[in-house]
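Visitor: Got run03.cif for you, mmCIF, C-alpha atoms and all ligand atoms:
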data_upload
loop_
_atom_site.label_atom_id
_atom_site.label_comp_id
_atom_site.auth_asym_id
_atom_site.auth_seq_id
_atom_site.Cartn_x
_atom_site.Cartn_y
_atom_site.Cartn_z
CA MET A 1 27.29 -2.08 -5.84
CA GLY A 2 29.03 -0.49 -8.81
CA SER A 3 31.16 -2.92 -10.75
CA SER A 4 29.04 -4.54 -13.39
CA ALA A 5 31.47 -7.12 -14.72
CA GLY A 6 32.01 -10.50 -13.20
CA PRO A 7 30.82 -14.01 -13.61
CA THR A 8 27.94 -13.59 -11.13
CA SER A 9 24.72 -13.67 -13.05
CA ARG A 10 22.58 -12.65 -10.11
CA GLU A 11 19.69 -10.59 -11.30
CA ARG A 12 19.56 -6.94 -10.25
CA CYS A 13 16.47 -4.94 -9.30
CA ARG A 14 15.24 -2.72 -12.12
CA GLY A 15 14.04 -0.22 -9.49
CA CYS A 16 17.21 0.37 -7.50
CA GLY A 17 19.89 -1.92 -8.92
CA ALA A 18 20.30 -3.91 -5.72
CA GLU A 19 21.02 -7.59 -6.07
CA PHE A 20 18.07 -9.84 -5.32
CA LYS A 21 18.66 -11.90 -2.21
CA ASP A 22 15.58 -13.89 -2.98
CA LEU A 23 12.42 -13.21 -4.96
CA VAL A 24 11.57 -9.65 -3.95
CA CYS A 25 13.82 -6.57 -3.69
CA GLU A 26 14.13 -5.64 -0.04
CA TYR A 27 14.45 -1.94 -0.92
CA CYS A 28 11.62 -1.30 -3.38
CA GLY A 29 9.53 -4.45 -3.26
CA LEU A 30 9.87 -5.17 -6.97
CA ALA A 31 9.98 -8.81 -7.90
CA SER A 32 12.72 -10.73 -9.64
CA ARG A 33 11.83 -12.39 -12.95
CA LYS A 34 11.81 -15.67 -11.10
CA ALA A 35 8.69 -14.53 -9.23
CA GLU A 36 6.72 -14.50 -12.48
CA ASP A 37 6.90 -18.29 -12.45
CA PRO A 38 3.64 -19.65 -10.96
CA ALA A 39 5.69 -22.01 -8.81
CA PHE A 40 7.37 -19.04 -7.13
CA GLU A 41 4.54 -16.53 -7.17
CA HIS A 42 3.06 -17.43 -3.82
CA ALA A 43 6.48 -17.45 -2.17
CA ALA A 44 7.16 -13.98 -3.60
CA LEU A 45 3.89 -12.70 -2.15
CA ASP A 46 4.80 -14.08 1.27
CA GLU A 47 8.23 -12.51 1.04
CA PHE A 48 6.75 -9.16 0.02
CA HIS A 49 4.50 -9.15 3.10
CA ILE A 50 7.35 -10.07 5.42
CA LEU A 51 9.30 -7.08 4.06
CA LEU A 52 6.24 -4.85 4.39
CA ARG A 53 5.66 -5.78 8.02
CA ARG A 54 9.28 -5.15 8.89
CA CYS A 55 9.77 -1.68 7.45
CA GLU A 56 9.00 1.89 8.57
CA PRO A 57 5.77 3.64 7.48
CA ASP A 58 7.63 5.74 4.86
CA ALA A 59 9.16 2.69 3.26
CA GLN A 60 5.83 0.90 3.57
CA ALA A 61 4.12 3.54 1.45
CA LYS A 62 6.68 3.00 -1.30
CA LEU A 63 6.47 -0.78 -1.11
CA LEU A 64 2.69 -0.62 -1.25
CA ARG A 65 2.80 1.65 -4.28
CA ASP A 66 5.46 -0.14 -6.33
CA GLY A 67 5.71 -3.57 -4.77
CA PHE A 68 5.23 -7.02 -6.17
CA LEU A 69 1.79 -8.04 -7.39
CA PRO A 70 1.00 -11.60 -8.39
CA ALA A 71 -0.85 -12.49 -11.58
CA LEU A 72 -2.70 -15.69 -10.68
CA GLU A 73 -6.25 -15.40 -9.39
CA ALA A 74 -5.76 -17.25 -6.09
CA ASN A 75 -2.63 -15.23 -5.27
CA LEU A 76 -4.27 -11.93 -6.20
CA LEU A 77 -7.19 -12.73 -3.90
CA GLU A 78 -4.75 -13.54 -1.13
CA ALA A 79 -2.84 -10.32 -1.83
CA ALA A 80 -6.09 -8.40 -1.28
CA VAL A 81 -6.79 -10.19 2.02
CA LEU A 82 -3.25 -9.56 3.27
CA LEU A 83 -3.59 -5.90 2.35
CA LEU A 84 -6.76 -5.21 4.34
CA PRO A 85 -5.03 -4.42 7.66
CA TYR A 86 -3.13 -1.62 5.89
CA LEU A 87 -6.44 0.03 5.00
CA GLU A 88 -7.34 0.38 8.69
CA LYS A 89 -6.70 3.97 9.64
CA ASP A 90 -6.67 3.35 13.38
CA THR A 91 -4.06 0.62 13.46
CA MET A 92 -1.70 1.03 10.51
CA ASP A 93 -1.97 3.92 8.13
CA PRO A 94 0.78 4.02 5.53
CA GLY A 95 -1.09 6.67 3.55
CA PRO A 96 -2.70 6.28 0.14
CA GLY A 97 -0.34 3.47 -0.91
CA ALA A 98 -2.61 0.73 0.42
CA ALA A 99 -5.64 2.03 -1.50
CA GLN A 100 -3.51 2.33 -4.64
CA ARG A 101 -2.38 -1.26 -4.25
CA LEU A 102 -5.96 -2.45 -3.78
CA GLU A 103 -6.93 -0.56 -6.94
CA ALA A 104 -4.11 -2.27 -8.84
CA ILE A 105 -5.21 -5.67 -7.52
CA LEU A 106 -8.81 -4.92 -8.56
CA ALA A 107 -7.68 -3.94 -12.05
CA LYS A 108 -5.82 -7.24 -12.39
CA LEU A 109 -8.75 -9.25 -11.00
CA SER A 110 -11.17 -7.50 -13.37
CA ALA A 111 -9.02 -8.52 -16.33
CA LEU A 112 -9.32 -12.23 -15.45
CA THR A 113 -12.02 -14.55 -16.81
CA PRO A 114 -15.03 -13.82 -14.59
CA ASN A 115 -16.56 -16.35 -12.21
CA ASP A 116 -19.05 -15.98 -9.35
CA ASN A 117 -16.47 -16.06 -6.59
CA LEU A 118 -14.30 -13.54 -8.39
CA GLN A 119 -17.18 -11.15 -9.10
CA ARG A 120 -18.20 -11.29 -5.44
CA ALA A 121 -14.67 -10.57 -4.30
CA ILE A 122 -14.31 -7.65 -6.72
CA ALA A 123 -17.63 -6.11 -5.61
CA ASN A 124 -16.64 -6.56 -1.97
CA TYR A 125 -13.23 -4.88 -2.42
CA ARG A 126 -14.73 -2.04 -4.46
CA GLU A 127 -17.01 -1.33 -1.49
CA ARG A 128 -14.02 -1.50 0.85
CA LEU A 129 -12.23 1.06 -1.30
CA VAL A 130 -15.24 3.39 -1.32
CA ALA A 131 -15.44 3.10 2.48
CA TYR A 132 -11.72 3.89 2.73
CA HIS A 133 -12.08 7.03 0.63
CA ARG A 134 -15.19 8.05 2.57
CA SER A 135 -13.36 7.80 5.90
CA GLU A 136 -10.49 9.75 4.38
CA ARG A 137 -12.87 12.57 3.46
CA SER A 138 -14.55 12.59 6.85
CA SER A 139 -11.20 12.81 8.63
CA LEU A 140 -10.36 15.75 6.37
CA ILE A 141 -13.64 17.45 7.32
CA GLY A 142 -12.93 16.60 10.96
CA GLY A 143 -9.59 18.36 10.54
CA PHE A 144 -11.26 21.47 9.20
CA VAL A 145 -13.77 21.54 12.07
CA MET A 146 -10.93 21.16 14.58
CA PHE A 147 -8.96 23.94 12.90
CA GLY A 148 -12.05 26.19 12.91
CA ALA A 149 -12.61 25.55 16.62
CA LEU A 150 -8.97 26.37 17.40
CA ALA A 151 -9.14 29.57 15.38
CA LEU A 152 -12.34 30.63 17.22
CA GLY A 153 -10.72 29.82 20.56
CA LEU A 154 -7.74 31.95 19.62
CA VAL A 155 -9.98 34.89 18.65
CA ALA A 156 -11.82 34.54 21.99
CA VAL A 157 -8.53 34.60 23.90
CA ILE A 158 -7.37 37.70 21.98
CA TYR A 159 -10.64 39.49 22.82
CA TRP A 160 -10.34 38.50 26.45
CA VAL A 161 -6.71 39.70 26.66
CA ALA A 162 -7.65 42.93 24.85
CA SER A 163 -10.52 43.52 27.30
CA LEU A 164 -8.06 43.44 30.21
CA PHE A 165 -6.43 46.66 29.07
ZN ZN B 1 15.02 -2.47 -5.67
#
What is this file in structure tokens?

Guide:
Amino acid sequence: MGSSAGPTSRERCRGCGAEFKDLVCEYCGLASRKAEDPAFEHAALDEFHILLRRCEPDAQAKLLRDGFLPALEANLLEAAVLLLPYLEKDTMDPGPGAAQRLEAILAKLSALTPNDNLQRAIANYRERLVAYHRSERSSLIGGFVMFGALALGLVAVIYWVASLF
């Protein structure tokens, strides 16, 4: 990286300046202009998910937040399906990035010309998002209950130790 001159006209990532090896930046998940072409869009989505599977949870969160999103209906619907495993708290939990990406996909889907299949999918994913946020809240409450129990246990131990003297 560094020298800007040269005959190479390889496109650079507008996120980090790295040269695109293919359609999606391997560091920030942004897509090259080529990926905007419908002929390449599906390939870019595949590439994005290969990168996502390969990287660490920290990098996953960033990729999920900033990464490539298709524009065509079929590819957006597939992007939502491929994203679902990342909304499972028990298996993979890259943090709020997955929910943010689903919200972005929903916004794009909602902007398309409506049809029955699309409306059904949107309603379904909205519910999925609500369920995700609900489970997030309940795990927060669970955390508070756990903390409260620990604090009580500590107080009990202090009383017990104090009663020994
Ligand atoms: Zn980049």

Visitor: Please check which residues have atoms at most 12 Å from (8.4, -2.2, 6.6) in the file's coordinates, counting only C-alpha atoms, and write them as a list in words.

Guide: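 The distance filter leaves exactly Glu26, Tyr27, Cys28, Gly29, Glu47, Phe48, His49, Ile50, Leu51, Leu52, Arg53, Arg54, Cys55, Glu56, Pro57, Asp58, Ala59, Gln60, Ala61, Lys62, Leu63, Leu64, Gly67, Tyr86, Met92 and Pro94 of chain A.
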
Visitor: Please build the interface table for chain A against ligand ZN 1 (chain B) with a cut-off of 10 Å, listing for each qualifying residue the nearest atom pair and the distance in Å to one decimal; count only C-alpha atoms and all ligand atoms, order rows by chain and increasing number, and write it as a Markdown table.

Guide:
| residue | atom | partner | partner_atom | distance |
| --- | --- | --- | --- | --- |
| A:Arg12 | CA | B:ZN1 | ZN | 7.8 |
| A:Cys13 | CA | B:ZN1 | ZN | 4.6 |
| A:Arg14 | CA | B:ZN1 | ZN | 6.5 |
| A:Gly15 | CA | B:ZN1 | ZN | 4.5 |
| A:Cys16 | CA | B:ZN1 | ZN | 4.0 |
| A:Gly17 | CA | B:ZN1 | ZN | 5.9 |
| A:Ala18 | CA | B:ZN1 | ZN | 5.5 |
| A:Glu19 | CA | B:ZN1 | ZN | 7.9 |
| A:Phe20 | CA | B:ZN1 | ZN | 8.0 |
| A:Val24 | CA | B:ZN1 | ZN | 8.1 |
| A:Cys25 | CA | B:ZN1 | ZN | 4.7 |
| A:Glu26 | CA | B:ZN1 | ZN | 6.5 |
| A:Tyr27 | CA | B:ZN1 | ZN | 4.8 |
| A:Cys28 | CA | B:ZN1 | ZN | 4.3 |
| A:Gly29 | CA | B:ZN1 | ZN | 6.3 |
| A:Leu30 | CA | B:ZN1 | ZN | 6.0 |
| A:Ala31 | CA | B:ZN1 | ZN | 8.4 |
| A:Ser32 | CA | B:ZN1 | ZN | 9.4 |
| A:Leu63 | CA | B:ZN1 | ZN | 9.8 |
| A:Asp66 | CA | B:ZN1 | ZN | 9.9 |
| A:Gly67 | CA | B:ZN1 | ZN | 9.4 |

Visitor: Output C-alpha atoms for every residue in that selection, as a short mmCIF file (atom, residue, chain, number, x, y, z; two decimals), keeping the file's coordinate frame.

Guide:
data_model
loop_
_atom_site.label_atom_id
_atom_site.label_comp_id
_atom_site.auth_asym_id
_atom_site.auth_seq_id
_atom_site.Cartn_x
_atom_site.Cartn_y
_atom_site.Cartn_z
CA ARG A 12 19.56 -6.94 -10.25
CA CYS A 13 16.47 -4.94 -9.30
CA ARG A 14 15.24 -2.72 -12.12
CA GLY A 15 14.04 -0.22 -9.49
CA CYS A 16 17.21 0.37 -7.50
CA GLY A 17 19.89 -1.92 -8.92
CA ALA A 18 20.30 -3.91 -5.72
CA GLU A 19 21.02 -7.59 -6.07
CA PHE A 20 18.07 -9.84 -5.32
CA VAL A 24 11.57 -9.65 -3.95
CA CYS A 25 13.82 -6.57 -3.69
CA GLU A 26 14.13 -5.64 -0.04
CA TYR A 27 14.45 -1.94 -0.92
CA CYS A 28 11.62 -1.30 -3.38
CA GLY A 29 9.53 -4.45 -3.26
CA LEU A 30 9.87 -5.17 -6.97
CA ALA A 31 9.98 -8.81 -7.90
CA SER A 32 12.72 -10.73 -9.64
CA LEU A 63 6.47 -0.78 -1.11
CA ASP A 66 5.46 -0.14 -6.33
CA GLY A 67 5.71 -3.57 -4.77
#

Visitor: For each of A:Leu82, A:Ala74, A:Ala98, A:Arg65, take the minimum atom-to-atom distance to A:Asp46, counting only C-alpha atoms, then give the residue where this is smallest.

Guide: A:Leu82

Visitor: Near stretch 120-130 of chain A, counting all atoms listed in the file, which residues have an atom at most 9 Å away, once you skip same-chain residues fewer than 6 positions from it, shown as number ranges by chain?

Guide: A: 77, 80, 84, 87, 99, 102-103, 106, 109-110

Visitor: What does the distance from atom CA of A:Glu136 to atom CA of A:Val81 come to in Å, to one decimal?

Guide: 20.4 Å

Visitor: For a test of reading the model, state the distance in Å between atom CA of A:Asn115 and atom CA of A:Ala131, rounded to one decimal.

Guide: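 Spanning atom CA of A:Asn115 to atom CA of A:Ala131 is a straight-line distance of 24.4 Å.
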
Visitor: Would you compute an axis-aligned box for stretch 12-18 of chain A, covering every atom listed for it in the file with 5 Å of margin on each side, and report centre and edge lengths in Å to one decimal as lines of an AutoDock Vina configuration file?

Guide:
center_x = 17.2
center_y = -3.3
center_z = -8.9
size_x = 16.3
size_y = 17.3
size_z = 16.4

Visitor: What is the atom CA of A:Ala43-atom CA of A:Asp22 distance in Å, reported with one decimal?

Guide: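 Those two atoms sit 9.8 Å apart.
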
Visitor: So, with only C-alpha atoms as the atoms that count, which of A:Lys34, A:Arg134, A:His42, A:Arg10 lies closest to A:Ala79?

Guide: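 Nearest candidate to A:Ala79 out of A:Lys34, A:Arg134, A:His42, A:Arg10: A:His42.
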
Visitor: Determine the nearest neighbour of A:Asn75 from the options A:Ala104, A:Leu45, A:Val145, A:Leu140, counting only C-alpha atoms.

Guide: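 Under the stated criterion, the closest residue is A:Leu45.
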
Visitor: Counting all atoms listed in the file, figure out which residue out of A:Leu112, A:Leu154, A:Phe165, A:Gly148 gets nearest to A:Leu76.

Guide: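 Among the listed residues, A:Leu112 lies closest to A:Leu76.
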
Visitor: For stretch 24-42 of chain A, supply N, CA and C atoms and format the output as an mmCIF file, keeping the file's coordinate frame.

Guide:
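Saved to selection_7.cif:
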data_model
loop_
_atom_site.group_PDB
_atom_site.id
_atom_site.type_symbol
_atom_site.label_atom_id
_atom_site.label_comp_id
_atom_site.auth_asym_id
_atom_site.auth_seq_id
_atom_site.Cartn_x
_atom_site.Cartn_y
_atom_site.Cartn_z
ATOM 1 N N VAL A 24 12.077 -11.015 -3.966
ATOM 2 C CA VAL A 24 11.570 -9.650 -3.950
ATOM 3 C C VAL A 24 12.667 -8.712 -3.453
ATOM 4 N N CYS A 25 12.803 -7.547 -4.109
ATOM 5 C CA CYS A 25 13.820 -6.570 -3.690
ATOM 6 C C CYS A 25 13.472 -6.026 -2.319
ATOM 7 N N GLU A 26 14.442 -6.072 -1.396
ATOM 8 C CA GLU A 26 14.130 -5.640 -0.040
ATOM 9 C C GLU A 26 14.056 -4.118 0.069
ATOM 10 N N TYR A 27 14.489 -3.396 -0.977
ATOM 11 C CA TYR A 27 14.450 -1.940 -0.920
ATOM 12 C C TYR A 27 13.204 -1.363 -1.582
ATOM 13 N N CYS A 28 12.824 -1.883 -2.753
ATOM 14 C CA CYS A 28 11.620 -1.300 -3.380
ATOM 15 C C CYS A 28 10.490 -2.286 -3.589
ATOM 16 N N GLY A 29 10.655 -3.524 -3.186
ATOM 17 C CA GLY A 29 9.530 -4.450 -3.260
ATOM 18 C C GLY A 29 9.232 -4.977 -4.649
ATOM 19 N N LEU A 30 10.073 -4.619 -5.625
ATOM 20 C CA LEU A 30 9.870 -5.170 -6.970
ATOM 21 C C LEU A 30 10.302 -6.630 -6.979
ATOM 22 N N ALA A 31 9.693 -7.379 -7.877
ATOM 23 C CA ALA A 31 9.980 -8.810 -7.900
ATOM 24 C C ALA A 31 11.017 -9.150 -8.949
ATOM 25 N N SER A 32 11.783 -10.190 -8.666
ATOM 26 C CA SER A 32 12.720 -10.730 -9.640
ATOM 27 C C SER A 32 11.913 -11.468 -10.721
ATOM 28 N N ARG A 33 12.545 -11.679 -11.874
ATOM 29 C CA ARG A 33 11.830 -12.390 -12.950
ATOM 30 C C ARG A 33 11.377 -13.775 -12.512
ATOM 31 N N LYS A 34 12.143 -14.334 -11.589
ATOM 32 C CA LYS A 34 11.810 -15.670 -11.100
ATOM 33 C C LYS A 34 10.401 -15.711 -10.498
ATOM 34 N N ALA A 35 9.987 -14.572 -9.900
ATOM 35 C CA ALA A 35 8.690 -14.530 -9.230
ATOM 36 C C ALA A 35 7.522 -14.602 -10.202
ATOM 37 N N GLU A 36 7.798 -14.396 -11.487
ATOM 38 C CA GLU A 36 6.720 -14.500 -12.480
ATOM 39 C C GLU A 36 6.315 -15.962 -12.712
ATOM 40 N N ASP A 37 7.185 -16.860 -12.336
ATOM 41 C CA ASP A 37 6.900 -18.290 -12.450
ATOM 42 C C ASP A 37 5.820 -18.665 -11.431
ATOM 43 N N PRO A 38 4.716 -19.284 -11.889
ATOM 44 C CA PRO A 38 3.640 -19.650 -10.960
ATOM 45 C C PRO A 38 4.127 -20.436 -9.746
ATOM 46 N N ALA A 39 5.178 -21.209 -9.925
ATOM 47 C CA ALA A 39 5.690 -22.010 -8.810
ATOM 48 C C ALA A 39 6.280 -21.134 -7.722
ATOM 49 N N PHE A 40 6.718 -19.912 -8.107
ATOM 50 C CA PHE A 40 7.370 -19.040 -7.130
ATOM 51 C C PHE A 40 6.470 -17.891 -6.693
ATOM 52 N N GLU A 41 5.347 -17.729 -7.398
ATOM 53 C CA GLU A 41 4.540 -16.530 -7.170
ATOM 54 C C GLU A 41 4.063 -16.400 -5.735
ATOM 55 N N HIS A 42 3.581 -17.494 -5.176
ATOM 56 C CA HIS A 42 3.060 -17.430 -3.820
ATOM 57 C C HIS A 42 4.175 -17.116 -2.818
#
